[in-house]
Amino acid sequence: MKVIGSGNTGAKLATMFDKEPIVFSTATQDSANYKGFDVREISQDGAGKRYGTGVTIWSKNEQKLRESLKDVVRDNVIIFASLGGGSGSSSVSFISKILIEQGCKVLIVGVLPHKKEINPPLANAVQSINSIVEMISDVSVMLFDNERLLKKYENNWNMVNSHIIKQMSYLIRLLDKFSVNSYSPMTIDKSELESVVFGGGFIDVTDDFL
């Protein structure tokens, strides 16, 4: 399995979730936050929180992006991205299309902006989701709503990020982490779990048990 973080928020979550993610950046300032990780800088000036600017960056640098992803072939891939920013929101369709062409199965973990951000983050999220819906049979999508999470954790961003990582760990590592020789928490095997998680469409997970 390979983990990718795109944009500043996506990179933050990816580095929390995995020790060796690929981090895509469109701004030198963001790249500096992730020294020690595998940072692939696509441009230097950033998207300025605008989806259209981000699309232009990824379009102009598509060959550079393809080169960065050439070794990710026939693998399960998780892409973390904020759908409210400019770089992350605009990147998910570009990255996903290339990975699908290379035989990968893709899970997009998108973070929705909260209402106080208004525009352009809300508009970015709508456009980003629209770009994903066009390929929804080929990619899986899991969304986290910052509006709800910030209320739940009283505007504590660290707790919000930890919640997202906890849910993703539960989803991806459920069988490996919680199964023992005499007992498994689920009545499906690993291949069946992967077929659900990476099988396309919108997914969700709960850690509540009745």
# chains A, B, ... in the order shown; residues from 1 in each chain; ligands from 1

$ residues_around --residues "A:Asn158" --least-positions-apart "4" --cutoff "12 Å" --atoms "only C-alpha atoms" --output "PDB file with all heavy atoms, in the first residue's frame"
ATOM      1  N   THR A   9      -2.571  20.391   3.982  1.00  0.00           N
ATOM      2  CA  THR A   9      -3.364  19.551   4.887  1.00  0.00           C
ATOM      3  C   THR A   9      -3.208  18.081   4.546  1.00  0.00           C
ATOM      4  O   THR A   9      -3.056  17.230   5.435  1.00  0.00           O
ATOM      5  CB  THR A   9      -4.852  19.941   4.827  1.00  0.00           C
ATOM      6  OG1 THR A   9      -5.004  21.298   5.277  1.00  0.00           O
ATOM      7  CG2 THR A   9      -5.696  19.035   5.708  1.00  0.00           C
ATOM      8  N   LYS A  12       0.041  16.857   5.853  1.00  0.00           N
ATOM      9  CA  LYS A  12       0.010  16.715   7.306  1.00  0.00           C
ATOM     10  C   LYS A  12      -0.618  15.379   7.705  1.00  0.00           C
ATOM     11  O   LYS A  12      -0.072  14.626   8.521  1.00  0.00           O
ATOM     12  CB  LYS A  12      -0.789  17.870   7.925  1.00  0.00           C
ATOM     13  CG  LYS A  12      -1.025  17.774   9.422  1.00  0.00           C
ATOM     14  CD  LYS A  12       0.265  17.917  10.206  1.00  0.00           C
ATOM     15  CE  LYS A  12      -0.011  17.979  11.696  1.00  0.00           C
ATOM     16  NZ  LYS A  12       1.247  18.053  12.478  1.00  0.00           N
ATOM     17  N   LEU A  13      -1.758  15.070   7.103  1.00  0.00           N
ATOM     18  CA  LEU A  13      -2.457  13.832   7.433  1.00  0.00           C
ATOM     19  C   LEU A  13      -1.679  12.605   6.961  1.00  0.00           C
ATOM     20  O   LEU A  13      -1.598  11.593   7.663  1.00  0.00           O
ATOM     21  CB  LEU A  13      -3.861  13.853   6.826  1.00  0.00           C
ATOM     22  CG  LEU A  13      -4.821  14.882   7.421  1.00  0.00           C
ATOM     23  CD1 LEU A  13      -6.092  14.960   6.594  1.00  0.00           C
ATOM     24  CD2 LEU A  13      -5.153  14.541   8.873  1.00  0.00           C
ATOM     25  N   MET A  16       1.098  11.820   9.261  1.00  0.00           N
ATOM     26  CA  MET A  16       0.597  11.270  10.526  1.00  0.00           C
ATOM     27  C   MET A  16       0.206   9.803  10.370  1.00  0.00           C
ATOM     28  O   MET A  16       0.354   9.007  11.296  1.00  0.00           O
ATOM     29  CB  MET A  16      -0.619  12.071  11.017  1.00  0.00           C
ATOM     30  CG  MET A  16      -0.313  13.470  11.513  1.00  0.00           C
ATOM     31  SD  MET A  16      -1.827  14.388  11.953  1.00  0.00           S
ATOM     32  CE  MET A  16      -2.418  13.428  13.372  1.00  0.00           C
ATOM     33  N   LEU A 149     -16.645  18.093  12.822  1.00  0.00           N
ATOM     34  CA  LEU A 149     -15.528  17.699  13.686  1.00  0.00           C
ATOM     35  C   LEU A 149     -15.053  18.837  14.586  1.00  0.00           C
ATOM     36  O   LEU A 149     -14.677  18.621  15.736  1.00  0.00           O
ATOM     37  CB  LEU A 149     -14.370  17.182  12.841  1.00  0.00           C
ATOM     38  CG  LEU A 149     -14.632  15.858  12.110  1.00  0.00           C
ATOM     39  CD1 LEU A 149     -13.447  15.484  11.237  1.00  0.00           C
ATOM     40  CD2 LEU A 149     -14.935  14.745  13.106  1.00  0.00           C
ATOM     41  N   LEU A 150     -15.062  20.059  14.072  1.00  0.00           N
ATOM     42  CA  LEU A 150     -14.650  21.199  14.893  1.00  0.00           C
ATOM     43  C   LEU A 150     -15.626  21.444  16.044  1.00  0.00           C
ATOM     44  O   LEU A 150     -15.233  21.851  17.140  1.00  0.00           O
ATOM     45  CB  LEU A 150     -14.517  22.453  14.029  1.00  0.00           C
ATOM     46  CG  LEU A 150     -13.254  22.509  13.159  1.00  0.00           C
ATOM     47  CD1 LEU A 150     -13.333  23.659  12.157  1.00  0.00           C
ATOM     48  CD2 LEU A 150     -12.003  22.657  14.017  1.00  0.00           C
ATOM     49  N   TYR A 153     -14.940  18.622  18.659  1.00  0.00           N
ATOM     50  CA  TYR A 153     -13.681  18.760  19.402  1.00  0.00           C
ATOM     51  C   TYR A 153     -13.369  20.207  19.796  1.00  0.00           C
ATOM     52  O   TYR A 153     -12.239  20.547  20.074  1.00  0.00           O
ATOM     53  CB  TYR A 153     -12.524  18.170  18.575  1.00  0.00           C
ATOM     54  CG  TYR A 153     -12.658  16.683  18.379  1.00  0.00           C
ATOM     55  CD1 TYR A 153     -12.969  16.152  17.137  1.00  0.00           C
ATOM     56  CD2 TYR A 153     -12.490  15.806  19.449  1.00  0.00           C
ATOM     57  CE1 TYR A 153     -13.104  14.772  16.954  1.00  0.00           C
ATOM     58  CE2 TYR A 153     -12.633  14.436  19.285  1.00  0.00           C
ATOM     59  CZ  TYR A 153     -12.935  13.928  18.024  1.00  0.00           C
ATOM     60  OH  TYR A 153     -13.071  12.570  17.854  1.00  0.00           O
ATOM     61  N   GLU A 154     -14.410  21.042  19.816  1.00  0.00           N
ATOM     62  CA  GLU A 154     -14.317  22.411  20.323  1.00  0.00           C
ATOM     63  C   GLU A 154     -13.167  23.187  19.675  1.00  0.00           C
ATOM     64  O   GLU A 154     -12.342  23.801  20.350  1.00  0.00           O
ATOM     65  CB  GLU A 154     -14.182  22.399  21.856  1.00  0.00           C
ATOM     66  CG  GLU A 154     -15.380  21.744  22.536  1.00  0.00           C
ATOM     67  CD  GLU A 154     -15.232  21.697  24.050  1.00  0.00           C
ATOM     68  OE1 GLU A 154     -14.095  21.833  24.557  1.00  0.00           O
ATOM     69  OE2 GLU A 154     -16.260  21.529  24.729  1.00  0.00           O
ATOM     70  N   SER A 162      -6.377  13.979  14.618  1.00  0.00           N
ATOM     71  CA  SER A 162      -6.233  12.682  15.266  1.00  0.00           C
ATOM     72  C   SER A 162      -7.461  11.809  15.022  1.00  0.00           C
ATOM     73  O   SER A 162      -7.347  10.586  14.842  1.00  0.00           O
ATOM     74  CB  SER A 162      -6.021  12.859  16.772  1.00  0.00           C
ATOM     75  OG  SER A 162      -4.788  13.506  17.033  1.00  0.00           O
ATOM     76  N   HIS A 163      -8.640  12.430  15.010  1.00  0.00           N
ATOM     77  CA  HIS A 163      -9.880  11.694  14.726  1.00  0.00           C
ATOM     78  C   HIS A 163      -9.826  11.088  13.327  1.00  0.00           C
ATOM     79  O   HIS A 163     -10.171   9.911  13.136  1.00  0.00           O
ATOM     80  CB  HIS A 163     -11.085  12.630  14.843  1.00  0.00           C
ATOM     81  CG  HIS A 163     -12.365  12.022  14.352  1.00  0.00           C
ATOM     82  ND1 HIS A 163     -13.222  11.336  15.187  1.00  0.00           N
ATOM     83  CD2 HIS A 163     -12.929  11.984  13.110  1.00  0.00           C
ATOM     84  CE1 HIS A 163     -14.257  10.900  14.480  1.00  0.00           C
ATOM     85  NE2 HIS A 163     -14.100  11.285  13.226  1.00  0.00           N
ATOM     86  N   ILE A 164      -9.394  11.874  12.361  1.00  0.00           N
ATOM     87  CA  ILE A 164      -9.324  11.399  10.978  1.00  0.00           C
ATOM     88  C   ILE A 164      -8.357  10.218  10.866  1.00  0.00           C
ATOM     89  O   ILE A 164      -8.665   9.199  10.245  1.00  0.00           O
ATOM     90  CB  ILE A 164      -8.898  12.541  10.040  1.00  0.00           C
ATOM     91  CG1 ILE A 164      -9.996  13.613   9.995  1.00  0.00           C
ATOM     92  CG2 ILE A 164      -8.600  12.008   8.631  1.00  0.00           C
ATOM     93  CD1 ILE A 164      -9.591  14.874   9.252  1.00  0.00           C
ATOM     94  N   ILE A 165      -7.197  10.340  11.498  1.00  0.00           N
ATOM     95  CA  ILE A 165      -6.203   9.272  11.441  1.00  0.00           C
ATOM     96  C   ILE A 165      -6.717   8.019  12.156  1.00  0.00           C
ATOM     97  O   ILE A 165      -6.511   6.888  11.689  1.00  0.00           O
ATOM     98  CB  ILE A 165      -4.876   9.735  12.064  1.00  0.00           C
ATOM     99  CG1 ILE A 165      -4.293  10.898  11.248  1.00  0.00           C
ATOM    100  CG2 ILE A 165      -3.887   8.575  12.145  1.00  0.00           C
ATOM    101  CD1 ILE A 165      -4.094  10.592   9.775  1.00  0.00           C
TER     102      ILE A 165
END

$ residues_around --residues "stretch 130-139 of chain A" --least-positions-apart "3" --cutoff "6 Å" --atoms "only C-alpha atoms" --output "ChimeraX atom specification"
/A:93,106-107,127,200-201

$ write_last_selection --atoms "N, CA and C atoms" --output "CSV table (one decimal), in the first residue's frame"
chain,number,residue,atom,x,y,z
A,93,SER,N,-8.1,14.5,-8.9
A,93,SER,CA,-8.5,13.9,-10.1
A,93,SER,C,-7.3,13.6,-11.0
A,106,VAL,N,-7.5,3.1,-5.9
A,106,VAL,CA,-7.4,4.4,-5.2
A,106,VAL,C,-8.5,4.6,-4.2
A,107,LEU,N,-8.1,5.1,-3.0
A,107,LEU,CA,-9.0,5.6,-2.0
A,107,LEU,C,-8.6,7.1,-1.7
A,127,GLN,N,-16.2,21.8,-6.6
A,127,GLN,CA,-15.6,21.5,-7.9
A,127,GLN,C,-14.7,20.2,-7.8
A,200,GLY,N,-14.4,1.3,-5.2
A,200,GLY,CA,-15.2,2.3,-5.8
A,200,GLY,C,-16.4,2.8,-5.1
A,201,GLY,N,-16.7,4.1,-5.2
A,201,GLY,CA,-17.9,4.7,-4.5
A,201,GLY,C,-17.5,5.3,-3.2

$ atom_distance --atom1 "atom CA of A:Asn124" --atom2 "atom CA of A:Gly86"
6.9 Å

$ closest_residue --among "A:Asn155, A:Thr28, A:Ser6, A:Asn33" --to "A:Ser90" --atoms "only C-alpha atoms"
A:Ser6

$ residues_around --residues "stretch 119-123 of chain A" --least-positions-apart "2" --cutoff "7 Å" --atoms "only C-alpha atoms" --output "list in words"
Lys49, Arg50, Gly84, Gly85, Pro113, Glu117, Ala125, Val126 and Gln127 of chain A

$ atom_distance --atom1 "atom CA of A:Glu41" --atom2 "atom CA of A:Thr26"
5.8 Å

$ residues_around --residues "stretch 64-76 of chain A" --least-positions-apart "2" --cutoff "10 Å" --atoms "only C-alpha atoms" --output "JSON, numbers by chain"
{"A": [1, 2, 3, 22, 24, 40, 41, 42, 43, 58, 59, 60, 61, 62, 78, 94, 95, 98, 99, 100, 101, 102, 103, 104, 105, 106, 107, 194, 197, 198]}

$ atom_distance --atom1 "atom CA of A:Val111" --atom2 "atom CA of A:Leu83"
5.6 Å

$ residues_around --residues "A:Gly46" --least-positions-apart "5" --cutoff "9 Å" --atoms "only C-alpha atoms" --output "ChimeraX atom specification"
/A:25-30,53-54,57,86-87

$ write_last_selection --atoms "C-alpha atoms" --output "JSON list (two decimals), in the first residue's frame"
[["chain", "number", "residue", "atom", "x", "y", "z"],
["A", 25, "SER", "CA", 3.51, 20.31, -2.95],
["A", 26, "THR", "CA", 2.89, 23.29, -5.21],
["A", 27, "ALA", "CA", 4.52, 25.85, -2.91],
["A", 28, "THR", "CA", 8.07, 26.05, -1.60],
["A", 29, "GLN", "CA", 6.77, 27.28, 1.78],
["A", 30, "ASP", "CA", 4.66, 24.14, 2.20],
["A", 53, "THR", "CA", -5.24, 28.00, -10.37],
["A", 54, "GLY", "CA", -4.52, 24.53, -9.04],
["A", 57, "ILE", "CA", -0.65, 24.02, -12.23],
["A", 86, "GLY", "CA", -6.34, 25.11, -4.01],
["A", 87, "SER", "CA", -3.59, 22.53, -4.47]]

$ select_by_dssp --residues "stretch 10-183 of chain A" --states "strand (DSSP E)" --output "JSON, numbers by chain"
{"A": [22, 23, 24, 25, 38, 39, 40, 41, 76, 77, 78, 79, 80, 81, 82, 105, 106, 107, 108, 109, 110, 111, 112, 139, 140, 141, 142, 143, 144, 145]}

$ write_last_selection --atoms "C-alpha atoms" --output "PDB file, in the first residue's frame"
ATOM      1  CA  ILE A  22       4.808  10.664  -1.009  1.00  0.00           C
ATOM      2  CA  VAL A  23       4.070  14.352  -0.424  1.00  0.00           C
ATOM      3  CA  PHE A  24       3.047  16.566  -3.342  1.00  0.00           C
ATOM      4  CA  SER A  25       3.506  20.311  -2.948  1.00  0.00           C
ATOM      5  CA  ASP A  38       9.655  12.310   0.218  1.00  0.00           C
ATOM      6  CA  VAL A  39       8.452  15.693  -1.067  1.00  0.00           C
ATOM      7  CA  ARG A  40       7.706  16.077  -4.783  1.00  0.00           C
ATOM      8  CA  GLU A  41       7.488  19.804  -5.525  1.00  0.00           C
ATOM      9  CA  ASN A  76      -3.512   0.109  -3.268  1.00  0.00           C
ATOM     10  CA  VAL A  77      -3.091   3.872  -2.855  1.00  0.00           C
ATOM     11  CA  ILE A  78      -4.546   6.276  -0.291  1.00  0.00           C
ATOM     12  CA  ILE A  79      -4.612   9.976  -1.224  1.00  0.00           C
ATOM     13  CA  PHE A  80      -5.102  12.522   1.586  1.00  0.00           C
ATOM     14  CA  ALA A  81      -6.190  16.030   0.543  1.00  0.00           C
ATOM     15  CA  SER A  82      -8.139  19.019   1.795  1.00  0.00           C
ATOM     16  CA  LYS A 105      -6.769   0.946  -6.735  1.00  0.00           C
ATOM     17  CA  VAL A 106      -7.366   4.358  -5.188  1.00  0.00           C
ATOM     18  CA  LEU A 107      -8.974   5.613  -1.973  1.00  0.00           C
ATOM     19  CA  ILE A 108      -9.341   9.406  -1.731  1.00  0.00           C
ATOM     20  CA  VAL A 109      -9.601  10.793   1.816  1.00  0.00           C
ATOM     21  CA  GLY A 110     -11.054  14.284   1.404  1.00  0.00           C
ATOM     22  CA  VAL A 111     -11.506  16.884   4.135  1.00  0.00           C
ATOM     23  CA  LEU A 112     -14.437  19.259   3.636  1.00  0.00           C
ATOM     24  CA  VAL A 139     -12.041   5.271  -7.043  1.00  0.00           C
ATOM     25  CA  SER A 140     -13.281   5.068  -3.475  1.00  0.00           C
ATOM     26  CA  VAL A 141     -13.956   8.282  -1.567  1.00  0.00           C
ATOM     27  CA  MET A 142     -14.158   8.903   2.163  1.00  0.00           C
ATOM     28  CA  LEU A 143     -15.113  12.400   3.313  1.00  0.00           C
ATOM     29  CA  PHE A 144     -14.511  14.087   6.666  1.00  0.00           C
ATOM     30  CA  ASP A 145     -16.559  17.178   7.535  1.00  0.00           C
TER      31      ASP A 145
END

$ residues_around --residues "A:Gln167" --least-positions-apart "5" --cutoff "9 Å" --atoms "only C-alpha atoms" --output "PyMOL selection string"
chain A and resi 162+172+205-207
